[in-house]
file final_31.txt (compact mmCIF, C-alpha atoms and all ligand atoms)
# COMPACT_ATOMS: atom_id res chain seq x y z
CA MET A 49 -14.37 -13.19 29.95
CA ASN A 50 -16.23 -16.20 28.52
CA GLY A 51 -13.25 -18.50 28.94
CA LEU A 52 -10.94 -16.34 26.79
CA VAL A 53 -7.48 -15.56 28.16
CA LEU A 54 -7.47 -12.13 26.41
CA PRO A 55 -10.28 -9.80 25.35
CA ALA A 56 -11.57 -10.90 21.92
CA PRO A 57 -10.43 -8.49 19.18
CA PRO A 58 -13.17 -6.23 17.81
CA PRO A 59 -14.57 -7.51 14.49
CA ALA A 60 -13.36 -5.75 11.35
CA THR A 61 -16.30 -3.99 9.68
CA VAL A 62 -17.03 -1.84 6.63
CA PRO A 63 -19.75 0.82 6.40
CA VAL A 64 -22.85 0.03 4.38
CA HIS A 65 -24.12 2.79 2.07
CA GLY A 66 -27.16 4.69 3.34
CA THR A 67 -27.34 3.15 6.81
CA SER A 68 -25.49 3.12 10.12
CA ALA A 69 -25.30 -0.70 9.92
CA ARG A 70 -21.91 -2.21 9.09
CA PHE A 71 -20.74 -5.26 7.15
CA PRO A 72 -18.70 -7.70 9.29
CA VAL A 73 -15.55 -8.84 7.53
CA ARG A 74 -14.31 -12.39 7.84
CA ARG A 75 -11.42 -12.71 5.35
CA ILE A 76 -9.90 -10.61 2.59
CA PHE A 77 -8.92 -12.33 -0.65
CA CYS A 78 -7.35 -10.57 -3.63
CA VAL A 79 -6.91 -11.56 -7.27
CA GLY A 80 -3.58 -10.93 -9.00
CA ARG A 81 -3.27 -9.65 -12.58
CA ASN A 82 -6.91 -9.57 -13.62
CA TYR A 83 -6.58 -6.85 -16.27
CA ALA A 84 -4.43 -7.61 -19.32
CA ASP A 85 -2.82 -4.15 -19.47
CA HIS A 86 -1.70 -4.39 -15.81
CA ALA A 87 -0.39 -7.96 -16.29
CA ARG A 88 1.71 -6.64 -19.19
CA GLU A 89 3.01 -3.63 -17.23
CA MET A 90 4.22 -6.09 -14.57
CA GLY A 91 5.99 -8.22 -17.20
CA HIS A 92 3.53 -11.13 -17.61
CA ASP A 93 1.54 -12.68 -20.44
CA PRO A 94 -2.15 -12.23 -19.56
CA ASP A 95 -3.26 -15.03 -21.90
CA ARG A 96 -1.51 -17.86 -20.13
CA GLU A 97 -2.54 -17.55 -16.50
CA PRO A 98 -5.53 -18.85 -14.56
CA PRO A 99 -6.58 -16.50 -11.72
CA PHE A 100 -4.40 -16.63 -8.62
CA PHE A 101 -5.12 -15.35 -5.14
CA PHE A 102 -3.41 -13.85 -2.14
CA ALA A 103 -4.89 -12.68 1.17
CA LYS A 104 -4.70 -9.76 3.56
CA PRO A 105 -5.57 -9.98 7.26
CA ALA A 106 -9.03 -8.58 8.06
CA ASP A 107 -7.49 -6.03 10.41
CA ALA A 108 -5.51 -4.50 7.52
CA LEU A 109 -8.82 -2.81 6.60
CA LEU A 110 -8.90 0.98 6.35
CA THR A 111 -12.43 2.41 6.12
CA ASP A 112 -14.53 5.53 6.72
CA GLY A 113 -12.12 7.79 4.81
CA ALA A 114 -9.39 7.36 7.44
CA ASP A 115 -5.86 8.55 6.66
CA LEU A 116 -3.28 5.90 5.76
CA PRO A 117 -0.11 6.35 7.80
CA TYR A 118 2.86 5.89 5.43
CA PRO A 119 3.88 2.31 6.28
CA PRO A 120 7.33 1.29 7.51
CA ALA A 121 9.92 -0.71 5.55
CA THR A 122 9.14 0.70 2.10
CA ARG A 123 10.18 3.50 -0.22
CA ASP A 124 7.70 2.50 -2.96
CA LEU A 125 4.11 2.53 -1.68
CA HIS A 126 1.73 1.86 -4.60
CA PHE A 127 -2.01 2.31 -5.09
CA GLU A 128 -4.17 -0.27 -6.94
CA GLY A 129 -7.76 0.83 -7.55
CA GLU A 130 -10.11 -2.18 -7.51
CA LEU A 131 -13.72 -3.31 -7.35
CA VAL A 132 -14.38 -5.10 -4.04
CA VAL A 133 -17.03 -7.83 -3.81
CA ALA A 134 -18.62 -8.64 -0.43
CA LEU A 135 -20.08 -12.12 0.09
CA GLY A 136 -23.27 -12.62 2.08
CA ALA A 137 -23.29 -16.42 1.92
CA GLY A 138 -20.80 -19.23 1.53
CA GLY A 139 -20.09 -22.40 -0.36
CA ALA A 140 -17.50 -24.64 -1.99
CA ASP A 141 -16.86 -25.91 -5.51
CA LEU A 142 -19.37 -23.49 -7.02
CA SER A 143 -20.41 -22.84 -10.60
CA PRO A 144 -20.16 -19.19 -11.69
CA GLN A 145 -23.98 -18.96 -11.54
CA ALA A 146 -24.11 -20.32 -7.98
CA ALA A 147 -21.15 -18.08 -7.08
CA SER A 148 -22.92 -14.91 -8.23
CA ASP A 149 -25.81 -15.73 -5.87
CA LEU A 150 -23.42 -15.27 -2.91
CA ILE A 151 -22.73 -11.60 -3.65
CA TRP A 152 -24.07 -9.29 -0.93
CA GLY A 153 -22.67 -6.05 -2.26
CA TYR A 154 -19.87 -4.07 -3.90
CA ALA A 155 -17.45 -1.33 -2.86
CA ALA A 156 -14.63 0.74 -4.31
CA GLY A 157 -11.29 -0.39 -2.88
CA ASN A 158 -7.57 0.24 -3.03
CA ASP A 159 -5.13 -2.68 -2.68
CA MET A 160 -2.16 -0.81 -1.20
CA THR A 161 1.16 -2.47 -1.94
CA ARG A 162 4.75 -2.09 -0.76
CA ARG A 163 6.02 -2.63 -4.33
CA ASP A 164 9.68 -2.84 -3.36
CA LEU A 165 8.96 -5.63 -0.86
CA GLN A 166 6.79 -7.41 -3.44
CA ALA A 167 9.55 -7.22 -6.07
CA GLU A 168 12.03 -8.66 -3.57
CA ALA A 169 9.58 -11.44 -2.61
CA LYS A 170 9.09 -12.34 -6.28
CA ARG A 171 12.85 -12.37 -6.87
CA MET A 172 13.53 -14.54 -3.80
CA GLY A 173 10.52 -16.85 -4.30
CA ARG A 174 9.09 -15.69 -0.97
CA PRO A 175 5.49 -14.94 0.12
CA TRP A 176 3.83 -11.59 -0.65
CA ASP A 177 2.28 -11.19 2.80
CA MET A 178 4.51 -8.35 3.99
CA ALA A 179 4.11 -6.53 0.65
CA LYS A 180 0.32 -6.75 0.72
CA GLY A 181 -0.83 -7.27 4.31
CA PHE A 182 0.50 -4.32 6.30
CA ASP A 183 -1.69 -2.17 8.55
CA GLY A 184 -4.12 -0.10 6.48
CA ALA A 185 -3.29 -1.96 3.24
CA ALA A 186 -6.91 -2.91 2.51
CA ILE A 187 -8.74 0.35 1.77
CA CYS A 188 -12.48 -0.18 1.32
CA GLY A 189 -15.31 2.31 0.76
CA ALA A 190 -18.93 1.90 1.80
CA ILE A 191 -20.56 -1.28 0.51
CA ARG A 192 -23.64 -0.92 -1.67
CA PRO A 193 -25.99 -3.91 -1.55
CA ALA A 194 -26.14 -5.86 -4.82
CA ALA A 195 -29.92 -5.71 -4.48
CA SER A 196 -29.69 -2.00 -5.35
CA THR A 197 -26.83 -2.05 -7.89
CA GLY A 198 -27.46 -5.24 -9.87
CA PRO A 199 -24.35 -7.01 -11.23
CA LEU A 200 -21.38 -4.62 -11.52
CA ASP A 201 -19.75 -5.89 -14.69
CA ARG A 202 -19.48 -2.92 -17.05
CA GLY A 203 -19.10 0.35 -15.12
CA LYS A 204 -16.08 2.63 -15.27
CA LEU A 205 -13.33 2.49 -12.63
CA SER A 206 -10.79 5.23 -12.08
CA LEU A 207 -8.17 6.21 -9.53
CA SER A 208 -6.89 9.74 -9.10
CA VAL A 209 -4.00 11.14 -7.09
CA ASP A 210 -4.39 14.80 -6.05
CA GLY A 211 -7.17 15.09 -8.62
CA GLU A 212 -5.15 13.72 -11.56
CA ILE A 213 -6.44 10.48 -13.14
CA ARG A 214 -3.81 7.73 -12.93
CA GLN A 215 -5.86 4.58 -13.61
CA ARG A 216 -8.89 4.32 -15.86
CA ALA A 217 -10.65 1.15 -17.00
CA CYS A 218 -13.98 -0.51 -17.56
CA LEU A 219 -15.00 -3.40 -15.30
CA SER A 220 -15.80 -5.37 -18.47
CA GLN A 221 -12.04 -5.49 -19.16
CA MET A 222 -11.45 -7.95 -16.31
CA ILE A 223 -9.84 -11.17 -17.58
CA TRP A 224 -11.89 -13.18 -15.07
CA ALA A 225 -15.37 -11.80 -14.37
CA VAL A 226 -16.62 -11.62 -10.78
CA PRO A 227 -18.66 -14.89 -10.84
CA ASP A 228 -15.63 -16.73 -12.32
CA ILE A 229 -13.36 -15.29 -9.62
CA ILE A 230 -15.64 -16.47 -6.80
CA ALA A 231 -16.09 -19.89 -8.45
CA HIS A 232 -12.31 -20.36 -8.79
CA LEU A 233 -11.75 -19.24 -5.18
CA SER A 234 -14.45 -21.66 -3.96
CA ARG A 235 -12.42 -24.54 -5.38
CA LEU A 236 -9.49 -23.52 -3.16
CA VAL A 237 -11.32 -22.67 0.07
CA ARG A 238 -14.92 -22.79 1.28
CA VAL A 239 -15.92 -19.15 0.85
CA ALA A 240 -18.00 -17.69 3.67
CA PRO A 241 -20.34 -14.82 4.60
CA GLY A 242 -18.23 -11.76 5.38
CA ASP A 243 -15.47 -12.54 2.88
CA LEU A 244 -14.26 -9.61 0.77
CA ILE A 245 -12.66 -10.18 -2.63
CA TYR A 246 -10.49 -7.51 -4.30
CA THR A 247 -10.88 -8.21 -8.00
CA GLY A 248 -7.62 -6.86 -9.44
CA THR A 249 -6.34 -3.56 -10.78
CA PRO A 250 -5.90 -2.12 -14.27
CA ALA A 251 -2.72 -0.52 -15.64
CA GLY A 252 -1.33 2.70 -14.27
CA VAL A 253 -0.30 1.64 -10.75
CA GLY A 254 2.24 3.96 -9.19
CA ALA A 255 3.75 5.41 -6.04
CA VAL A 256 2.23 7.85 -3.56
CA ASN A 257 3.95 9.90 -0.88
CA CYS A 258 2.98 11.62 2.35
CA GLY A 259 0.34 14.30 1.89
CA GLN A 260 -1.06 12.89 -1.36
CA VAL A 261 -4.75 12.05 -1.68
CA MET A 262 -6.04 9.03 -3.61
CA THR A 263 -9.63 8.59 -4.76
CA VAL A 264 -11.05 5.42 -6.28
CA THR A 265 -14.27 5.98 -8.21
CA ILE A 266 -16.49 3.22 -9.60
CA GLU A 267 -19.72 3.99 -11.43
CA GLY A 268 -22.69 3.22 -9.17
CA LEU A 269 -20.66 3.08 -5.93
CA ASP A 270 -19.48 5.56 -3.32
CA PRO A 271 -15.94 6.80 -4.09
CA VAL A 272 -13.29 6.09 -1.47
CA THR A 273 -10.74 8.80 -0.67
CA THR A 274 -7.58 8.25 1.37
CA ARG A 275 -4.85 10.68 2.36
CA VAL A 276 -1.36 9.33 2.95
CA ALA A 277 -0.35 10.80 6.31
MN MN A 301 -4.33 -5.79 -6.54
call {"tool": "encode", "arguments": {"input": "final_31.txt", "output": "C-alpha cells"}}
result
Amino acid sequence: MNGLVLPAPPPATVPVHGTSARFPVRRIFCVGRNYADHAREMGHDPDREPPFFFAKPADALLTDGADLPYPPATRDLHFEGELVVALGAGGADLSPQAASDLIWGYAAGNDMTRRDLQAEAKRMGRPWDMAKGFDGAAICGAIRPAASTGPLDRGKLSLSVDGEIRQRACLSQMIWAVPDIIAHLSRLVRVAPGDLIYTGTPAGVGAVNCGQVMTVTIEGLDPVTTRVA
C-alpha cells in the first residue's frame, strides 16, 4: 500500500469533450456575486465589492450527467448556472494577462446551494461550507479545451428547469472577467494545475425539487443536465 494506512481516494475527474481522457481536479474555487443583477437580488451593492471566494471539496463534483440525490438538511435547494474555468498550469501573484495563460479549458457548471443553510450562516457570521460543499454540489459538464474555444468572454449562458428558462445572461456581464478572477485568486493562494473556478451566477436563482431536471447551456460548450433524484 505504498506506506499509506488506507487506500488513497480515487482522484476527482471531469470528462473532456470529444475524448475518453479526463481532467484531474485538484481544488474547486467559486466566486460570489459576480453579476450585478444577482448581487442585487441577494441584497448587495455590486459596485462596492472586490471579488470574494469560497471553496467546495473536489469530491463534491457531480459529472457525466449523473442524478443529484436531494441533499439532507435543507428545504431550499437552489441552482446557480455558471461558467467553469479549468486551469492547466499554476502560479501566484499573477497579472490578468499571465492568469489567462493558465486556462486549460471551460465547462458549463451548476453551483448547487442549500440556500436556507447559507442564509443562516450569513445571519450567524458562520462559514458557508455546509451550504455550498455538500455531496454533488459541484455540477460540471465536459470541459472543452481553450485551444478550441478561444477566450469565453461574450457567449450566452442560460439555465432551464424542466425546459423553462430561469436564468439568462451574457458572459460579458460578469463584474470581474475571467482573467481578473484568476489574478485575484492567485494573490490569495498559489493556483495550480487541476484547479476549477466557478465564475459566479446571474440573477434568477431558485429552488428545485425531486424529479426536476436542470440544464445549464453556454454558447460553445456542452450543456450539462442534472435530474434531482
Ligand atoms: Mn455561485
call {"tool": "closest_residue", "arguments": {"input": "final_31.txt", "among": "A:Val53, A:Leu165, A:Leu219, A:Val226", "to": "A:Thr249", "atoms": "all atoms listed in the file"}}
result
A:Leu219
call {"tool": "residues_near_ligand", "arguments": {"input": "final_31.txt", "ligand": "ligand MN 301 (chain A)", "cutoff": "8 Å", "atoms": "all atoms listed in the file", "output": "VMD selection string"}}
result
chain A and resid 78 to 81 128 to 130 158 to 161 246 to 249
call {"tool": "atom_distance", "arguments": {"input": "final_31.txt", "atom1": "atom CA of A:Gly268", "atom2": "atom CA of A:Leu125"}}
result
27.8 Å
call {"tool": "closest_residue", "arguments": {"input": "final_31.txt", "among": "A:Asp149, A:Asp177, A:Glu267, A:Asp243", "to": "A:Lys204", "atoms": "all atoms listed in the file"}}
result
A:Glu267
call {"tool": "closest_atom_pairs", "arguments": {"input": "final_31.txt", "of": "stretch 123-226 of chain A", "to": "stretch 270-277 of chain A", "cutoff": "12 Å", "atoms": "all atoms listed in the file", "output": "tab-separated table"}}
result
residue	atom	partner	partner_atom	distance
A:Leu125	CA	A:Val276	CA	9.9
A:His126	CA	A:Val276	CA	11.1
A:Phe127	CA	A:Thr274	CA	10.4
A:Gly129	CA	A:Val272	CA	9.8
A:Glu130	CA	A:Val272	CA	10.7
A:Leu131	CA	A:Pro271	CA	10.9
A:Val132	CA	A:Val272	CA	11.5
A:Tyr154	CA	A:Asp270	CA	9.7
A:Ala155	CA	A:Asp270	CA	7.2
A:Ala156	CA	A:Val272	CA	6.2
A:Gly157	CA	A:Val272	CA	6.9
A:Asn158	CA	A:Val272	CA	8.3
A:Asp159	CA	A:Thr274	CA	11.9
A:Met160	CA	A:Thr274	CA	10.9
A:Gly184	CA	A:Thr274	CA	10.4
A:Ala185	CA	A:Thr274	CA	11.2
A:Ala186	CA	A:Thr274	CA	11.2
A:Ile187	CA	A:Thr274	CA	8.0
A:Cys188	CA	A:Val272	CA	6.9
A:Gly189	CA	A:Val272	CA	4.8
A:Ala190	CA	A:Asp270	CA	6.3
A:Ile191	CA	A:Asp270	CA	7.9
A:Arg192	CA	A:Asp270	CA	7.9
A:Pro193	CA	A:Asp270	CA	11.6
A:Thr197	CA	A:Asp270	CA	11.5
A:Lys204	CA	A:Pro271	CA	11.9
A:Leu205	CA	A:Pro271	CA	9.9
A:Ser206	CA	A:Pro271	CA	9.6
A:Leu207	CA	A:Pro271	CA	9.5
A:Ser208	CA	A:Thr273	CA	9.3
A:Val209	CA	A:Arg275	CA	9.5
A:Asp210	CA	A:Arg275	CA	9.4
A:Gly211	CA	A:Thr273	CA	10.7
call {"tool": "atom_distance", "arguments": {"input": "final_31.txt", "atom1": "atom CA of A:Arg70", "atom2": "atom CA of A:Gly136"}}
result
12.6 Å
call {"tool": "atom_distance", "arguments": {"input": "final_31.txt", "atom1": "atom CA of A:Ala137", "atom2": "atom CA of A:Ala108"}}
result
22.1 Å
call {"tool": "closest_residue", "arguments": {"input": "final_31.txt", "among": "A:Ile213, A:Leu109, A:Val237, A:Ala231", "to": "A:Gly254", "atoms": "all atoms listed in the file"}}
result
A:Ile213
call {"tool": "closest_residue", "arguments": {"input": "final_31.txt", "among": "A:Leu269, A:Ala106, A:Leu233, A:Met178", "to": "A:Asp164", "atoms": "all atoms listed in the file"}}
result
A:Met178
call {"tool": "closest_residue", "arguments": {"input": "final_31.txt", "among": "A:Leu116, A:Val133, A:Ala121, A:Ala217", "to": "A:Pro241", "atoms": "only C-alpha atoms"}}
result
A:Val133
